[in-house]
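Novice: For reference, the structure I am asking about is given below.
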Amino acid sequence: MGRLKYWRGFIAALVAVITLGVVYYYGAVYKDKNAEQALYSVVLYEDNPNEWDTLMEGINQAEKDFEVDIRYVTMGNARTAKEQMDMIKREIQDGANGILLAAVDSEGIGQYLKDDEFSVPVVTVETGIESEMPKTEAHISADNYAMGQMLGEKILKDMEQEGKKETVAVIREYMERDSVKERYEGLMAALHAAGVETVARSRQKGDFNLSLYIGEVMRECRYIAALDKYTTEEAAKAWDQYRYEFDRTVAPVSADKRLVKVYGIGNTAQTVSDLDNGKIEAFVYQNEFNMGYNGIKALVEKQEKGYVAEEYDIMYKLVTRETLYESENERLLFSNQ
């Protein structure tokens, strides 16, 4: 009986040792796996809620596919290159293995990247940097100049259908971003090549409300062009208020002749809704899902191979109310709703 008791005790102790060993082994493996999993910080400028929904969907898919961790940093009310640069430095100090960046100020961020040494790769999306000594691994965006041209060609086509060339008011906001500046250049080139006059309009000091300011511009020009998501949304808001006030004070026949047309660049849920409701005539958008996905892919490539293996071609399209529900537009523009 004593020997039986001894063997039972011995077996129980052996089982306990084996169990502890298994737990320790898998715990150590799990811990090592987590320790090795890369962390990438996504640092984005932000002007309004949900501005980056589609981009983030692409990033989130890449996070799953490449088994990495993602940490988001949006600027909120912060507006300057210094503020964004402070965020980047803080993310690196907090252990980020790489930065995916949409620059708030291309030239300003470029100067900081020129002056500072970074131990992690930086990939830019949508808006890049301007620097004599670029330190980014890749820039992933559609052809912004061509997007501006496409918008201009749509305006020209609509003018041709009306049989009259008119002055186009181009709202100059956020020109410190290379994406907006290049769109502006493409738009102006297309319009000027066709002999269409343009006026550039930008807020002066004290003009805080963008939609109210654009509403004033609408009293001068029928054709309004906006070059980024936020300004496009505000132009649609201004159109709504302008039409309401105009219909109350002007005879219907005159209102039809004076109907303002808004053209923009963007892809937010609000922009899509405004197009569907007739507040926007047309807008150009880029495939931000692929932009976000490939941004993370480029950072992973850099970490694993030491270089970014490919250049990424991002699609862009023009959409109108008539083409909004075509399959590709519906897939890319309604994915975040």
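Chain labels follow the order of the structure tokens: the first chain is A, the next B, and so on; residue numbering restarts at 1 in every chain, and ligands are counted from 1 in their shown order.
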If we count only C-alpha atoms and set the cut-off at 9 Å, which residues sit around region 297-311 of chain A, ignoring sequence neighbours fewer than 2 positions away in its own chain? Please answer as a ChimeraX atom specification.
Specialist: /A:38,40,62,66,68,97-100,121-123,137-140,292-295,313
Novice: Let's have the selection written as an mmCIF file, in the first residue's frame, with C-alpha atoms.
Specialist:
data_model
loop_
_atom_site.group_PDB
_atom_site.id
_atom_site.type_symbol
_atom_site.label_atom_id
_atom_site.label_comp_id
_atom_site.auth_asym_id
_atom_site.auth_seq_id
_atom_site.Cartn_x
_atom_site.Cartn_y
_atom_site.Cartn_z
ATOM 1 C CA ALA A 38 6.162 44.887 -35.532
ATOM 2 C CA TYR A 40 3.661 50.732 -36.929
ATOM 3 C CA ALA A 62 -2.984 44.845 -43.885
ATOM 4 C CA PHE A 66 0.881 40.838 -42.272
ATOM 5 C CA VAL A 68 1.529 43.514 -37.316
ATOM 6 C CA ASN A 97 9.082 50.277 -35.854
ATOM 7 C CA GLY A 98 7.938 52.543 -38.693
ATOM 8 C CA ILE A 99 5.721 55.516 -39.501
ATOM 9 C CA LEU A 100 2.938 55.786 -42.066
ATOM 10 C CA PRO A 121 11.441 54.035 -41.933
ATOM 11 C CA VAL A 122 8.813 56.601 -42.949
ATOM 12 C CA VAL A 123 6.282 55.932 -45.735
ATOM 13 C CA GLU A 137 11.056 54.966 -48.124
ATOM 14 C CA ALA A 138 8.065 55.414 -50.447
ATOM 15 C CA HIS A 139 5.235 57.775 -51.300
ATOM 16 C CA ILE A 140 1.900 56.112 -52.071
ATOM 17 C CA GLY A 292 -3.565 52.313 -46.789
ATOM 18 C CA TYR A 293 -2.958 48.622 -47.450
ATOM 19 C CA ASN A 294 0.127 49.230 -49.567
ATOM 20 C CA GLY A 295 1.466 51.766 -47.090
ATOM 21 C CA ASP A 313 0.022 52.566 -58.701
#
Novice: So which residues touch Gly128 (chain A) within 10 Å, counting only C-alpha atoms, skipping near sequence neighbours fewer than 5 positions away, as a PyMOL selection string?
Specialist: chain A and resi 101-107+109-110+123+134+136+138-141+177-179
Novice: Output N, CA and C atoms for every residue in that selection, as a PDB file, in the first residue's frame.
Specialist:
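The resulting file, part.pdb, is shown below:
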ATOM      1  N   LEU A 101       2.696  58.097 -42.800  1.00  0.00           N
ATOM      2  CA  LEU A 101       2.460  59.520 -42.584  1.00  0.00           C
ATOM      3  C   LEU A 101       1.669  60.156 -43.714  1.00  0.00           C
ATOM      4  N   ALA A 102       0.643  60.931 -43.355  1.00  0.00           N
ATOM      5  CA  ALA A 102       0.010  61.880 -44.267  1.00  0.00           C
ATOM      6  C   ALA A 102       0.388  63.260 -43.751  1.00  0.00           C
ATOM      7  N   ALA A 103       1.260  63.944 -44.475  1.00  0.00           N
ATOM      8  CA  ALA A 103       1.879  65.171 -43.963  1.00  0.00           C
ATOM      9  C   ALA A 103       0.894  66.335 -43.934  1.00  0.00           C
ATOM     10  N   VAL A 104       0.891  67.063 -42.843  1.00  0.00           N
ATOM     11  CA  VAL A 104       0.036  68.240 -42.719  1.00  0.00           C
ATOM     12  C   VAL A 104       0.616  69.421 -43.499  1.00  0.00           C
ATOM     13  N   ASP A 105       1.934  69.423 -43.685  1.00  0.00           N
ATOM     14  CA  ASP A 105       2.628  70.515 -44.373  1.00  0.00           C
ATOM     15  C   ASP A 105       3.850  69.890 -45.045  1.00  0.00           C
ATOM     16  N   SER A 106       3.795  69.754 -46.362  1.00  0.00           N
ATOM     17  CA  SER A 106       4.839  69.012 -47.078  1.00  0.00           C
ATOM     18  C   SER A 106       6.218  69.625 -46.912  1.00  0.00           C
ATOM     19  N   GLU A 107       6.314  70.927 -47.101  1.00  0.00           N
ATOM     20  CA  GLU A 107       7.618  71.583 -46.997  1.00  0.00           C
ATOM     21  C   GLU A 107       8.094  71.624 -45.554  1.00  0.00           C
ATOM     22  N   ILE A 109       7.330  69.595 -42.973  1.00  0.00           N
ATOM     23  CA  ILE A 109       7.760  68.262 -42.534  1.00  0.00           C
ATOM     24  C   ILE A 109       9.067  67.889 -43.229  1.00  0.00           C
ATOM     25  N   GLY A 110       9.207  68.277 -44.502  1.00  0.00           N
ATOM     26  CA  GLY A 110      10.436  67.990 -45.222  1.00  0.00           C
ATOM     27  C   GLY A 110      11.652  68.600 -44.559  1.00  0.00           C
ATOM     28  N   VAL A 123       6.985  56.029 -44.458  1.00  0.00           N
ATOM     29  CA  VAL A 123       6.282  55.932 -45.735  1.00  0.00           C
ATOM     30  C   VAL A 123       5.160  56.957 -45.719  1.00  0.00           C
ATOM     31  N   PRO A 134      15.229  63.765 -49.071  1.00  0.00           N
ATOM     32  CA  PRO A 134      14.081  62.984 -48.620  1.00  0.00           C
ATOM     33  C   PRO A 134      14.501  61.737 -47.867  1.00  0.00           C
ATOM     34  N   THR A 136      12.038  59.477 -46.781  1.00  0.00           N
ATOM     35  CA  THR A 136      10.940  58.527 -46.812  1.00  0.00           C
ATOM     36  C   THR A 136      11.306  57.344 -47.701  1.00  0.00           C
ATOM     37  N   ALA A 138       8.975  55.460 -49.310  1.00  0.00           N
ATOM     38  CA  ALA A 138       8.065  55.414 -50.447  1.00  0.00           C
ATOM     39  C   ALA A 138       6.980  56.460 -50.243  1.00  0.00           C
ATOM     40  N   HIS A 139       6.400  56.898 -51.351  1.00  0.00           N
ATOM     41  CA  HIS A 139       5.235  57.775 -51.300  1.00  0.00           C
ATOM     42  C   HIS A 139       4.127  57.095 -52.090  1.00  0.00           C
ATOM     43  N   ILE A 140       2.986  56.878 -51.456  1.00  0.00           N
ATOM     44  CA  ILE A 140       1.900  56.112 -52.071  1.00  0.00           C
ATOM     45  C   ILE A 140       0.679  57.015 -52.219  1.00  0.00           C
ATOM     46  N   SER A 141       0.368  57.331 -53.465  1.00  0.00           N
ATOM     47  CA  SER A 141      -0.738  58.229 -53.760  1.00  0.00           C
ATOM     48  C   SER A 141      -1.090  58.086 -55.230  1.00  0.00           C
ATOM     49  N   ARG A 177       0.094  71.484 -48.584  1.00  0.00           N
ATOM     50  CA  ARG A 177       0.199  70.047 -48.851  1.00  0.00           C
ATOM     51  C   ARG A 177       0.486  69.837 -50.327  1.00  0.00           C
ATOM     52  N   ASP A 178       1.472  69.018 -50.632  1.00  0.00           N
ATOM     53  CA  ASP A 178       1.839  68.834 -52.036  1.00  0.00           C
ATOM     54  C   ASP A 178       0.711  68.211 -52.840  1.00  0.00           C
ATOM     55  N   SER A 179      -0.131  67.394 -52.216  1.00  0.00           N
ATOM     56  CA  SER A 179      -1.256  66.785 -52.926  1.00  0.00           C
ATOM     57  C   SER A 179      -2.204  67.859 -53.453  1.00  0.00           C
TER      58      SER A 179
END
Novice: Write out as a count of residues only all residues of region 141-324 of chain A that DSSP puts in strand (DSSP E) for this structure's backbone.
Specialist: 26
Novice: Between A:Val43, A:Val199, A:Val260, A:Met85, single out the one closest to Val73 (chain A), counting only C-alpha atoms.
Specialist: A:Val43
Novice: Write out as a list in words the residues lying within 10 Å of Lys237 (chain A), counting only C-alpha atoms and excluding same-chain residues fewer than 6 positions away.
Specialist: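 Counting only the stated atoms, we get Leu210, Ser211, Leu212, Ile214, Gly215, Thr231, Asp274, Lys279 and Ile280 of chain A.
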Novice: Pull the alpha helix (DSSP H) assignments for region 93-259 of chain A out of DSSP run on the backbone, and list those residues as a ChimeraX atom specification.
Specialist: /A:93,106-115,144-162,178-193,210-218,229-249,252-257
Novice: Which residues are near Ala189 (chain A)? Cut-off 12 Å, only C-alpha atoms, ignore same chain within fewer than 3 positions. Put them as a list in words.
Specialist: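 Selected residues are Tyr145, Ala146, Met147, Gly148, Gln149, Met150, Leu151, Gly152, Glu153, Leu156, Glu182, Arg183, Tyr184, Glu185, Gly186, His192, Ala193, Ala194, Gly195, Val196, Glu197 and Thr198 of chain A.
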Novice: Which residue, A:Asn144, A:Thr167, A:Arg331, A:Ser41, has the smallest gap to Ile265 (chain A) when you use only C-alpha atoms?
Specialist: A:Asn144
Novice: If I take CA of Gln270 (chain A) and CA of Met87 (chain A), how far is one from the other in Å, to one decimal?
Specialist: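 Going from CA of Gln270 (chain A) over to CA of Met87 (chain A), I get 28.2 Å.
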